[in-house]
file structure_6.cif (mmCIF, C-alpha atoms)
data_target
loop_
_atom_site.group_PDB
_atom_site.id
_atom_site.type_symbol
_atom_site.label_atom_id
_atom_site.label_comp_id
_atom_site.auth_asym_id
_atom_site.auth_seq_id
_atom_site.Cartn_x
_atom_site.Cartn_y
_atom_site.Cartn_z
ATOM 1 C CA MET A 1 -3.435 -2.628 -60.245
ATOM 2 C CA ALA A 2 -6.550 -0.544 -59.645
ATOM 3 C CA GLU A 3 -7.975 1.580 -62.451
ATOM 4 C CA THR A 4 -7.104 5.267 -61.990
ATOM 5 C CA VAL A 5 -10.225 7.432 -61.921
ATOM 6 C CA THR A 6 -10.062 11.165 -61.178
ATOM 7 C CA GLN A 7 -13.167 13.408 -61.281
ATOM 8 C CA GLY A 8 -14.873 11.068 -63.765
ATOM 9 C CA TRP A 9 -11.739 10.600 -65.879
ATOM 10 C CA ALA A 10 -10.181 7.147 -66.276
ATOM 11 C CA ALA A 11 -6.823 6.023 -67.677
ATOM 12 C CA MET A 12 -6.802 5.435 -71.457
ATOM 13 C CA LYS A 13 -5.788 1.775 -71.069
ATOM 14 C CA GLY A 14 -9.411 1.002 -70.169
ATOM 15 C CA ALA A 15 -11.037 3.229 -72.799
ATOM 16 C CA ASP A 16 -14.224 2.070 -74.545
ATOM 17 C CA ARG A 17 -13.168 0.801 -77.983
ATOM 18 C CA SER A 18 -16.647 -0.270 -79.074
ATOM 19 C CA GLY A 19 -17.007 2.598 -81.565
ATOM 20 C CA GLU A 20 -19.262 4.638 -79.255
ATOM 21 C CA ARG A 21 -18.385 8.308 -78.811
ATOM 22 C CA ILE A 22 -16.404 9.153 -75.660
ATOM 23 C CA LEU A 23 -14.725 12.229 -74.189
ATOM 24 C CA VAL A 24 -10.920 12.321 -74.024
ATOM 25 C CA THR A 25 -8.283 14.696 -72.702
ATOM 26 C CA VAL A 26 -5.813 15.493 -75.478
ATOM 27 C CA ARG A 27 -2.275 15.878 -74.133
ATOM 28 C CA GLY A 28 -0.995 19.480 -74.152
ATOM 29 C CA GLY A 29 2.148 20.353 -76.072
ATOM 30 C CA GLU A 30 3.524 22.667 -78.736
ATOM 31 C CA GLN A 31 0.089 22.962 -80.346
ATOM 32 C CA GLY A 32 -1.548 24.251 -77.154
ATOM 33 C CA PRO A 33 -2.800 23.362 -73.676
ATOM 34 C CA PRO A 34 -4.661 20.138 -72.817
ATOM 35 C CA GLU A 35 -8.199 20.067 -74.165
ATOM 36 C CA VAL A 36 -11.278 17.879 -74.206
ATOM 37 C CA ASP A 37 -12.414 16.265 -77.472
ATOM 38 C CA THR A 38 -15.116 13.787 -78.487
ATOM 39 C CA VAL A 39 -13.747 10.724 -80.301
ATOM 40 C CA ARG A 40 -14.631 7.209 -81.367
ATOM 41 C CA TRP A 41 -12.456 4.126 -82.051
ATOM 42 C CA ALA A 42 -12.679 3.365 -85.771
ATOM 43 C CA THR A 43 -10.762 2.943 -89.007
ATOM 44 C CA PRO A 44 -10.448 6.173 -91.005
ATOM 45 C CA ARG A 45 -11.345 6.019 -94.697
ATOM 46 C CA GLY A 46 -8.362 4.716 -96.684
ATOM 47 C CA ALA A 47 -6.520 3.432 -93.601
ATOM 48 C CA HIS A 48 -5.910 -0.128 -92.467
ATOM 49 C CA GLU A 49 -5.695 0.269 -88.689
ATOM 50 C CA LYS A 50 -8.092 1.664 -86.115
ATOM 51 C CA CYS A 51 -7.337 4.788 -84.131
ATOM 52 C CA TRP A 52 -9.190 7.498 -82.229
ATOM 53 C CA ILE A 53 -11.071 9.774 -84.651
ATOM 54 C CA ALA A 54 -12.469 13.156 -83.581
ATOM 55 C CA THR A 55 -16.193 13.053 -84.245
ATOM 56 C CA ASP A 56 -16.274 16.608 -85.601
ATOM 57 C CA SER A 57 -13.683 15.964 -88.347
ATOM 58 C CA GLY A 58 -14.602 15.460 -91.987
ATOM 59 C CA PRO A 59 -14.043 12.370 -94.153
ATOM 60 C CA GLU A 60 -11.501 14.137 -96.363
ATOM 61 C CA ALA A 61 -9.334 15.347 -93.461
ATOM 62 C CA PRO A 62 -9.988 13.246 -90.346
ATOM 63 C CA VAL A 63 -8.471 14.383 -87.064
ATOM 64 C CA THR A 64 -6.970 11.254 -85.527
ATOM 65 C CA TYR A 65 -5.177 10.476 -82.280
ATOM 66 C CA GLU A 66 -2.936 7.639 -81.128
ATOM 67 C CA ASP A 67 -3.137 6.406 -77.528
ATOM 68 C CA ASP A 68 -0.005 8.409 -76.638
ATOM 69 C CA ASP A 69 -1.769 11.641 -77.677
ATOM 70 C CA LEU A 70 -4.466 11.113 -75.052
ATOM 71 C CA VAL A 71 -4.322 11.280 -71.253
ATOM 72 C CA ALA A 72 -7.711 10.065 -70.028
ATOM 73 C CA TRP A 73 -11.270 9.259 -71.080
ATOM 74 C CA MET A 74 -14.843 9.225 -69.783
ATOM 75 C CA PRO A 75 -18.207 8.244 -71.243
ATOM 76 C CA LEU A 76 -20.307 11.070 -72.612
ATOM 77 C CA PRO A 77 -22.396 12.529 -69.781
ATOM 78 C CA THR A 78 -26.124 11.977 -70.006
ATOM 79 C CA PRO A 79 -27.977 15.320 -69.962
ATOM 80 C CA THR A 80 -30.676 15.564 -67.315
ATOM 81 C CA ALA A 81 -33.146 18.268 -66.366
ATOM 82 C CA ASP A 82 -30.809 19.577 -63.646
ATOM 83 C CA ARG A 83 -27.587 19.119 -65.644
ATOM 84 C CA ASN A 84 -27.583 20.408 -69.178
ATOM 85 C CA LEU A 85 -24.143 20.809 -70.781
ATOM 86 C CA SER A 86 -25.515 23.137 -73.436
ATOM 87 C CA GLY A 87 -26.081 25.671 -70.664
ATOM 88 C CA GLY A 88 -22.395 26.594 -70.685
ATOM 89 C CA GLU A 89 -21.042 24.035 -68.194
ATOM 90 C CA ALA A 90 -17.616 22.930 -69.377
ATOM 91 C CA ILE A 91 -15.831 19.690 -68.552
ATOM 92 C CA GLU A 92 -12.273 20.384 -67.453
ATOM 93 C CA PRO A 93 -9.460 18.348 -69.039
ATOM 94 C CA ALA A 94 -7.866 15.679 -66.856
ATOM 95 C CA ARG A 95 -4.532 16.508 -65.248
ATOM 96 C CA GLU A 96 -1.809 14.429 -66.864
ATOM 97 C CA SER A 97 -0.018 14.074 -63.506
ATOM 98 C CA ASP A 98 -2.982 12.034 -62.193
ATOM 99 C CA PHE A 99 -2.356 9.344 -64.821
ATOM 100 C CA LEU A 100 1.422 8.920 -64.715
ATOM 101 C CA GLU A 101 2.477 5.314 -64.252
ATOM 102 C CA GLN A 102 3.677 4.502 -60.755
ATOM 103 C CA GLY A 103 6.869 2.449 -60.577
ATOM 104 C CA GLY A 104 7.056 1.862 -64.329
ATOM 105 C CA SER A 105 9.163 3.203 -67.122
ATOM 106 C CA GLY A 106 6.175 4.643 -69.003
ATOM 107 C CA ILE A 107 7.409 3.047 -72.219
#

call {"tool": "encode", "arguments": {"input": "structure_6.cif", "output": "structure tokens"}}
result
Amino acid sequence: MAETVTQGWAAMKGADRSGERILVTVRGGEQGPPEVDTVRWATPRGAHEKCWIATDSGPEAPVTYEDDDLVAWMPLPTPTADRNLSGGEAIEPARESDFLEQGGSGI
């Protein structure tokens, strides 16, 4: 099966788990609409298993995500002279419908 890639976003099954920071789309739900967050794959302090940790969370109260919380991922963009994300350009979250499994149960 080919890897799903939409506007730079790729399915979470192929996400970079090297510990490098990546961008992810957090699934929307009761807490709010889908959003983009920066995470890394690591073991939170006091835990025994790795998970996705938001890079802006503190050591006393880490914000963590399981794979099911996330829709898609992409590497952090590299700023260039003609593309500077600090200039207000926002990366739109991935659409969850683009990453639904085809022909599978989704379980």

call {"tool": "resolve_selection", "arguments": {"input": "structure_6.cif", "expression": "the PyMOL selection byres ((chain A and resi 59-69) around 9)", "output": "PyMOL selection string"}}
result
chain A and resi 12-13+25-28+39+44-45+51-58+70-71

call {"tool": "closest_residue", "arguments": {"input": "structure_6.cif", "among": "A:Glu92, A:Glu49, A:Asp98, A:Asp37", "to": "A:Arg21", "atoms": "only C-alpha atoms"}}
result
A:Asp37

call {"tool": "axis_aligned_box", "arguments": {"input": "structure_6.cif", "around": "stretch 59-74 of chain A", "padding_each_side": "5 Å", "output": "JSON"}}
result
{"center_x": -7.4, "center_y": 10.9, "center_z": -83.1, "size_x": 24.8, "size_y": 18.9, "size_z": 36.6}

call {"tool": "atom_distance", "arguments": {"input": "structure_6.cif", "atom1": "atom CA of A:Phe99", "atom2": "atom CA of A:Thr43"}}
result
26.4 Å

call {"tool": "closest_residue", "arguments": {"input": "structure_6.cif", "among": "A:Pro75, A:Thr38, A:His48, A:Gln31", "to": "A:Asp16", "atoms": "only C-alpha atoms"}}
result
A:Pro75

call {"tool": "resolve_selection", "arguments": {"input": "structure_6.cif", "expression": "the PyMOL selection byres ((chain A and resi 15) around 10)", "output": "ChimeraX atom specification"}}
result
/A:10-14,16-18,22-24,41,67,72-75

call {"tool": "build_atoms", "arguments": {"input": "structure_6.cif", "residues": "stretch 15-40 of chain A", "atoms": "N, CA and C atoms", "output": "tab-separated table (two decimals), keeping the file's coordinate frame"}}
result
chain	number	residue	atom	x	y	z
A	15	ALA	N	-10.08	2.47	-71.99
A	15	ALA	CA	-11.04	3.23	-72.80
A	15	ALA	C	-11.97	2.33	-73.60
A	16	ASP	N	-13.19	2.78	-73.78
A	16	ASP	CA	-14.22	2.07	-74.54
A	16	ASP	C	-13.85	2.08	-76.03
A	17	ARG	N	-13.55	0.93	-76.57
A	17	ARG	CA	-13.17	0.80	-77.98
A	17	ARG	C	-14.28	0.14	-78.80
A	18	SER	N	-15.51	0.34	-78.38
A	18	SER	CA	-16.65	-0.27	-79.07
A	18	SER	C	-17.09	0.53	-80.29
A	19	GLY	N	-16.56	1.73	-80.47
A	19	GLY	CA	-17.01	2.60	-81.56
A	19	GLY	C	-17.96	3.68	-81.09
A	20	GLU	N	-18.41	3.59	-79.83
A	20	GLU	CA	-19.26	4.64	-79.26
A	20	GLU	C	-18.43	5.90	-79.02
A	21	ARG	N	-19.08	7.05	-79.08
A	21	ARG	CA	-18.39	8.31	-78.81
A	21	ARG	C	-18.05	8.42	-77.32
A	22	ILE	N	-16.84	8.92	-77.03
A	22	ILE	CA	-16.40	9.15	-75.66
A	22	ILE	C	-15.70	10.50	-75.59
A	23	LEU	N	-15.52	11.02	-74.39
A	23	LEU	CA	-14.72	12.23	-74.19
A	23	LEU	C	-13.31	11.82	-73.84
A	24	VAL	N	-12.32	12.58	-74.34
A	24	VAL	CA	-10.92	12.32	-74.02
A	24	VAL	C	-10.23	13.64	-73.70
A	25	THR	N	-9.17	13.55	-72.92
A	25	THR	CA	-8.28	14.70	-72.70
A	25	THR	C	-7.11	14.52	-73.65
A	26	VAL	N	-6.93	15.50	-74.54
A	26	VAL	CA	-5.81	15.49	-75.48
A	26	VAL	C	-4.62	16.11	-74.76
A	27	ARG	N	-3.49	15.42	-74.80
A	27	ARG	CA	-2.28	15.88	-74.13
A	27	ARG	C	-1.87	17.26	-74.65
A	28	GLY	N	-1.49	18.16	-73.76
A	28	GLY	CA	-1.00	19.48	-74.15
A	28	GLY	C	0.40	19.37	-74.72
A	29	GLY	N	0.81	20.37	-75.48
A	29	GLY	CA	2.15	20.35	-76.07
A	29	GLY	C	2.39	21.62	-76.86
A	30	GLU	N	3.19	21.51	-77.91
A	30	GLU	CA	3.52	22.67	-78.74
A	30	GLU	C	2.30	23.27	-79.41
A	31	GLN	N	1.28	22.47	-79.66
A	31	GLN	CA	0.09	22.96	-80.35
A	31	GLN	C	-0.89	23.66	-79.42
A	32	GLY	N	-0.66	23.57	-78.09
A	32	GLY	CA	-1.55	24.25	-77.15
A	32	GLY	C	-1.73	23.48	-75.86
A	33	PRO	N	-2.57	24.01	-74.97
A	33	PRO	CA	-2.80	23.36	-73.68
A	33	PRO	C	-3.67	22.12	-73.83
A	34	PRO	N	-3.76	21.30	-72.77
A	34	PRO	CA	-4.66	20.14	-72.82
A	34	PRO	C	-6.09	20.59	-73.12
A	35	GLU	N	-6.82	19.74	-73.84
A	35	GLU	CA	-8.20	20.07	-74.17
A	35	GLU	C	-9.04	18.80	-74.19
A	36	VAL	N	-10.34	18.99	-74.15
A	36	VAL	CA	-11.28	17.88	-74.21
A	36	VAL	C	-11.80	17.76	-75.63
A	37	ASP	N	-11.87	16.51	-76.14
A	37	ASP	CA	-12.41	16.26	-77.47
A	37	ASP	C	-13.34	15.05	-77.40
A	38	THR	N	-14.22	14.94	-78.36
A	38	THR	CA	-15.12	13.79	-78.49
A	38	THR	C	-14.58	12.92	-79.62
A	39	VAL	N	-14.34	11.63	-79.32
A	39	VAL	CA	-13.75	10.72	-80.30
A	39	VAL	C	-14.49	9.40	-80.32
A	40	ARG	N	-14.15	8.59	-81.30
A	40	ARG	CA	-14.63	7.21	-81.37
A	40	ARG	C	-13.50	6.36	-81.93
